[in-house]
Every structure is written in structure tokens, then in C-alpha cells.
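**Q** Before we start, here is the structure in question, set down as C-alpha cells.
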Amino acid sequence: MSDESSGYRQSRLFTDEEGEFDEERAREDALPIEDGEVIDTDELSEYQQYIEGRGIYDERNKINDLTGREWKFATKSVIHRQYPPDFQHELRGEHGGQKPPRLCLELIQRFSKAGNRVLDPFAGVGGTLFGASLAEYEGTGRRDAVGFELNPRWVALYEEVLEAENADRVSRGEQRLAKQEMRCGDCTDLIENVESESIDLLLTDVPYWSMDKVEQTRNTNKTRESKLGEFDDGEIQTKSEWLADMKAKFEQFHTTVTGGGYVILFIGDMYREQSFNMLAAELASQIQDAGYVLKSDVIWYDPSKELHVYGYPFSFVPSMVHQHILIFRKSSDSDAY
């Protein structure tokens, strides 16, 4: 890695016209560079510190542990990234809606600090929990996480994935990932045992409706049914019922989140019955009514997403290659952030 690309310059020996060592020039060349500007660390404020290779960290930062340079990157409204099919993907893929642990890690890094407590009330196979554990080695420090999951199969699969991943990590000479707390049961019951304002970050992929009632298989000899189902009047919830259910649940979660804490939701839009359902916008409205402030809508675009020929040649039907990441915040006495 070059000196310039690493964000700082190494010291070099300089001589003056008389052949003597020029201390002033050497010191100037050793100063860090932030966004192309040379930074004199002696001129930093008492609440600032330069972290080699990362930039200037401001100790007044109450949201996360990022430097200014890292913060700027984290404010991008689009995450344009393919996450490699690693981290026991074959195991986790049994759950059709699992999220990449390192994507969860990125969001945890942006909206929490080391040592904070993270909750995923719809934990699935534990992408949020793995992200919180990865932060110990690939971020600014581990977060403690707790997940709620109704389906005992997904709870068991989290344990299975953790065991397999740690075996691989040990074989590579890496440290084991910490086991996080995964509770099996209905989130509406489990949330009652969570202390008021004890959750610093809520990060989850919301269920669309009765997802786990829809059969899904990884047997290539059988048809892999869509786990997303349809909004209808049968056993699966209608859209209005689902929206009302989500609002009620997040009203319940509200007391457990700290004042100023962030709530982050994955949600995708849908095309059903020849009509586009802008679920992200509809859900955002319900969550705001539940007492949260909408701060941003970040788009996650995976360029590796497979395209399908829908509707051709008679009608335009979109191929969904993105998801929304809705960013909410619980109001506090201070609205500085």
C-alpha cells in the first residue's frame, strides 16, 4: 500500500543546503494527510486525536467510534456492494431472507459504539448477532447482542453456523467469535423481559407476514417456493394487517431503546397482482406513527443479484435488485444528532 493511499506519510530524512539534517522539513513530511490536506497533530483540539491509517477521531462523537473520514463514507445513501458467499453461506442459505453478517457489521459500526447492546427482535439465523461479534476483530470493538426468533429451527441453525465458523477460524489461526444470546419465542412476549432504555441499537430484517408458514427447501429436485408469499385473504396476512402488526410491535419495542438510539430496518418493495407495492414507504409511515423519527432511507444494491425476464414481451415488470434500509431514531432530550 502506498503512503498516499494509506492516508498518511512516513518520515523521510531531509538535508538542508549545507548537508545538515533538516528537522523542520522531516517533521512536515511526517504529518498525516486527511482528504488531501496536511494535518498538524499539534493543532488538534483537546477532544480530537489522530488514529493512524483511519483519520481524526472526535471524542464528542456519541453515535459511533468512527473518525471523520470514516463518518463521511458512512453517510452515503447507497451501499453498492456484493458480499461474498462466505460465512457458512450454504448453512445460512436455508433461511431465504438471511442478511450478510458483514453488511450487518457495517451498520452496527455506523450506529453504535463498542460495548453497546444491540437487539434483533426478528433474528432469523443471526446475521445481526454475527455482525456484533465480528466487530471485535474487524471493527472498533464487540457489541453485546440479543436476538429473538420464533422458529426453533433458525435458533438451532445460528448455533450450528457459529460452531462451523469458529472451527474454520481456528484452522486459520484466528480468534473465535463470541456467542451472542439467542432467545426462542414470540418477540411480543420476550420484549417484556428487556429493561427500559437498555438497547442502544435495534437492527432487524422485518418479516413480511407469516413467512415461516411457507414451505421452503434447498433440494434441487424440488421447486424452491418463494418465501415472500402474497397478500391475500387466506392464512397469510393482508398488507393492512401486516402494517398494523408491525406498528404495534415497534410501539412495544420503543421503551427498550435508549433516548437517541437508532432503529434500522431492512425492507424490500414488491410487485404483486400487476401492481407495485412500495412497502418501504408504507412501513416507514407506520414506524413513525409508533414514535420514531425517520432519518434516512439507505439503498442496498447488490450488483450480483440475478435478473429475471418478467412480463416480456407484454408488460414491464421490475426485477428487484435493491432493498431499503430504513434508519430511524428515538427522540431524546437532545436533538443534536
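Every chain in the C-alpha cells has a letter given in the order shown (A, B, ...), and although residue numbers restart at 1 in each chain, ligands are simply numbered from 1 in the order shown.
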Please provide as an NGL selection string all residues within 9 Å of A:Glu59, with the sequence filter that same-chain residues fewer than 6 positions apart are discarded (counting only C-alpha atoms).

**A** :A and (46-49 or 65)

**Q** Restricted to N, CA and C atoms, what would the selected residues look like written as a compact mmCIF listing (two decimals), in the first residue's frame?

**A**
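Output file out_24.txt is given in full below:
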```txt
# COMPACT_ATOMS: atom_id res chain seq x y z
N GLU A 46 -8.36 19.52 22.00
CA GLU A 46 -8.16 18.57 23.09
C GLU A 46 -9.09 17.37 22.98
N TYR A 47 -10.20 17.51 22.27
CA TYR A 47 -11.14 16.42 22.12
C TYR A 47 -10.91 15.64 20.82
N GLN A 48 -9.84 15.94 20.10
CA GLN A 48 -9.53 15.24 18.86
C GLN A 48 -8.24 14.44 19.01
N GLN A 49 -8.19 13.32 18.31
CA GLN A 49 -6.96 12.54 18.25
C GLN A 49 -6.81 11.94 16.87
N ASP A 65 -17.91 4.99 16.83
CA ASP A 65 -16.47 5.15 17.07
C ASP A 65 -15.72 5.49 15.79
```

**Q** Need to verify the contact set: stretch 72-75 of chain A, 12 Å, only C-alpha atoms, exclusion of same-chain residues closer than 2 positions in sequence. Can you return it as a list in words?

**A**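 Non-adjacent residues within range: Glu34, Asp35, Arg54, Gly55, Ile56, Asn64, Asp65, Leu66, Thr67, Gly68, Arg69, Glu70, Ser77, Val78, Ile79, Glu106, Leu107, Ile108, Gln109, Arg110, Phe111, Lys295, Ser296, Asp297, Val298, Ile299 and Ile327 of chain A.
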
**Q** Identify, on the basis of only C-alpha atoms, every residue whose closest approach to A:Thr188 does not exceed 10 Å; exclude the query and any residue fewer than 3 positions from it along the same chain; express the result as number ranges by chain.

**A** A: 121, 148, 185, 191-193, 248-250, 252-253

**Q** Using N, CA and C atoms, can you write the selected residues to a file as a compact mmCIF listing (two decimals), in the first residue's frame?

**A**
```txt
# COMPACT_ATOMS: atom_id res chain seq x y z
N PRO A 121 -35.12 -8.24 17.07
CA PRO A 121 -36.33 -8.93 17.51
C PRO A 121 -36.85 -9.96 16.51
N PHE A 148 -34.25 -12.37 19.13
CA PHE A 148 -35.49 -13.10 19.36
C PHE A 148 -35.85 -13.81 18.06
N GLY A 185 -38.77 -17.65 20.88
CA GLY A 185 -40.11 -17.30 21.33
C GLY A 185 -40.66 -16.13 20.55
N ILE A 191 -39.94 -9.35 24.65
CA ILE A 191 -39.57 -7.95 24.85
C ILE A 191 -39.96 -7.47 26.24
N GLU A 192 -40.92 -8.13 26.86
CA GLU A 192 -41.36 -7.74 28.19
C GLU A 192 -40.28 -7.93 29.24
N ASN A 193 -39.30 -8.77 28.94
CA ASN A 193 -38.21 -9.04 29.88
C ASN A 193 -36.96 -8.21 29.61
N ALA A 248 -47.71 -2.08 15.90
CA ALA A 248 -47.94 -2.49 17.29
C ALA A 248 -46.67 -3.04 17.92
N LYS A 249 -45.91 -3.81 17.16
CA LYS A 249 -44.68 -4.40 17.70
C LYS A 249 -43.64 -3.31 17.99
N PHE A 250 -43.49 -2.35 17.08
CA PHE A 250 -42.48 -1.32 17.32
C PHE A 250 -42.91 -0.32 18.39
N GLN A 252 -44.22 -1.50 21.05
CA GLN A 252 -43.75 -2.28 22.19
C GLN A 252 -42.25 -2.13 22.39
N PHE A 253 -41.50 -2.15 21.29
CA PHE A 253 -40.04 -2.06 21.37
C PHE A 253 -39.57 -0.69 21.85
```

**Q** Give me the residues near A:Ala280 as a PDB file with C-alpha atoms, in the first residue's frame, where near means some atom within 9 Å (using only C-alpha atoms) and where sequence neighbours in that chain fewer than 6 positions away do not count.

**A**
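Just written: out-v4.pdb:
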```pdb
ATOM      1  CA  PHE A 266     -34.376  -3.942   6.117  1.00  0.00           C
ATOM      2  CA  ILE A 267     -37.407  -3.975   3.833  1.00  0.00           C
ATOM      3  CA  GLY A 268     -37.905  -4.653   0.131  1.00  0.00           C
ATOM      4  CA  ASP A 269     -40.656  -3.396  -2.146  1.00  0.00           C
ATOM      5  CA  ASP A 297     -33.546   5.652   3.542  1.00  0.00           C
ATOM      6  CA  GLN A 323     -33.537  -3.297  -0.671  1.00  0.00           C
ATOM      7  CA  HIS A 324     -34.299  -0.355   1.553  1.00  0.00           C
ATOM      8  CA  ILE A 325     -32.524   0.138   4.858  1.00  0.00           C
ATOM      9  CA  LEU A 326     -34.756   2.488   6.830  1.00  0.00           C
TER      10      LEU A 326
END
```

**Q** Taking 2 positions as the minimum chain separation for residues in the same chain, which residues sit within 10 Å of A:Met270 when counting only C-alpha atoms? Answer as a ChimeraX atom specification.

**A** /A:228,230,267-268,272-273,275-280,318-320

**Q** Return the single residue from A:Val263, A:Ala135, A:Leu201, A:Val146 that is closest to A:Gly291, with distances computed using only C-alpha atoms.

**A**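 Nearest candidate to A:Gly291 out of A:Val263, A:Ala135, A:Leu201, A:Val146: A:Val263.
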
**Q** Counting only C-alpha atoms, what is within 7 Å of A:Arg329, bar same-chain residues fewer than 3 positions away, as a list in words?

**A**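 After dropping sequence-adjacent residues, the list is Gly260, Gly261, Tyr262, Val263, Tyr292, Val293, Leu294 and Lys295 of chain A.
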
**Q** What would the file look like if the residues just selected were written as an mmCIF file, in the first residue's frame with C-alpha atoms?

**A**
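So the final result, stored in selection_28.cif, reads:
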```
data_model
loop_
_atom_site.group_PDB
_atom_site.id
_atom_site.type_symbol
_atom_site.label_atom_id
_atom_site.label_comp_id
_atom_site.auth_asym_id
_atom_site.auth_seq_id
_atom_site.Cartn_x
_atom_site.Cartn_y
_atom_site.Cartn_z
ATOM 1 C CA GLY A 260 -31.294 8.969 20.878
ATOM 2 C CA GLY A 261 -30.799 5.316 19.935
ATOM 3 C CA TYR A 262 -31.183 4.152 16.343
ATOM 4 C CA VAL A 263 -33.610 1.647 14.853
ATOM 5 C CA TYR A 292 -39.677 7.107 15.880
ATOM 6 C CA VAL A 293 -38.105 9.805 13.699
ATOM 7 C CA LEU A 294 -37.201 8.777 10.136
ATOM 8 C CA LYS A 295 -33.614 9.896 9.483
#
```

**Q** Using DSSP secondary structure from the backbone, list all strand (DSSP E) positions within stretch 40-135 of chain A, as a PyMOL selection string.

**A** chain A and resi 48-51+55-58+78-80+117-120

**Q** Counting only C-alpha atoms, figure out which residue out of A:Thr204, A:Ser171, A:Ser304, A:Ser331 gets nearest to A:Gln98.

**A**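 The answer is A:Thr204, which sits nearest to A:Gln98.
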
**Q** Which of these residues is nearest to A:Gly96, using only C-alpha atoms: A:Asp245, A:Glu195, A:Asp186, A:Asp205?

**A** A:Asp205
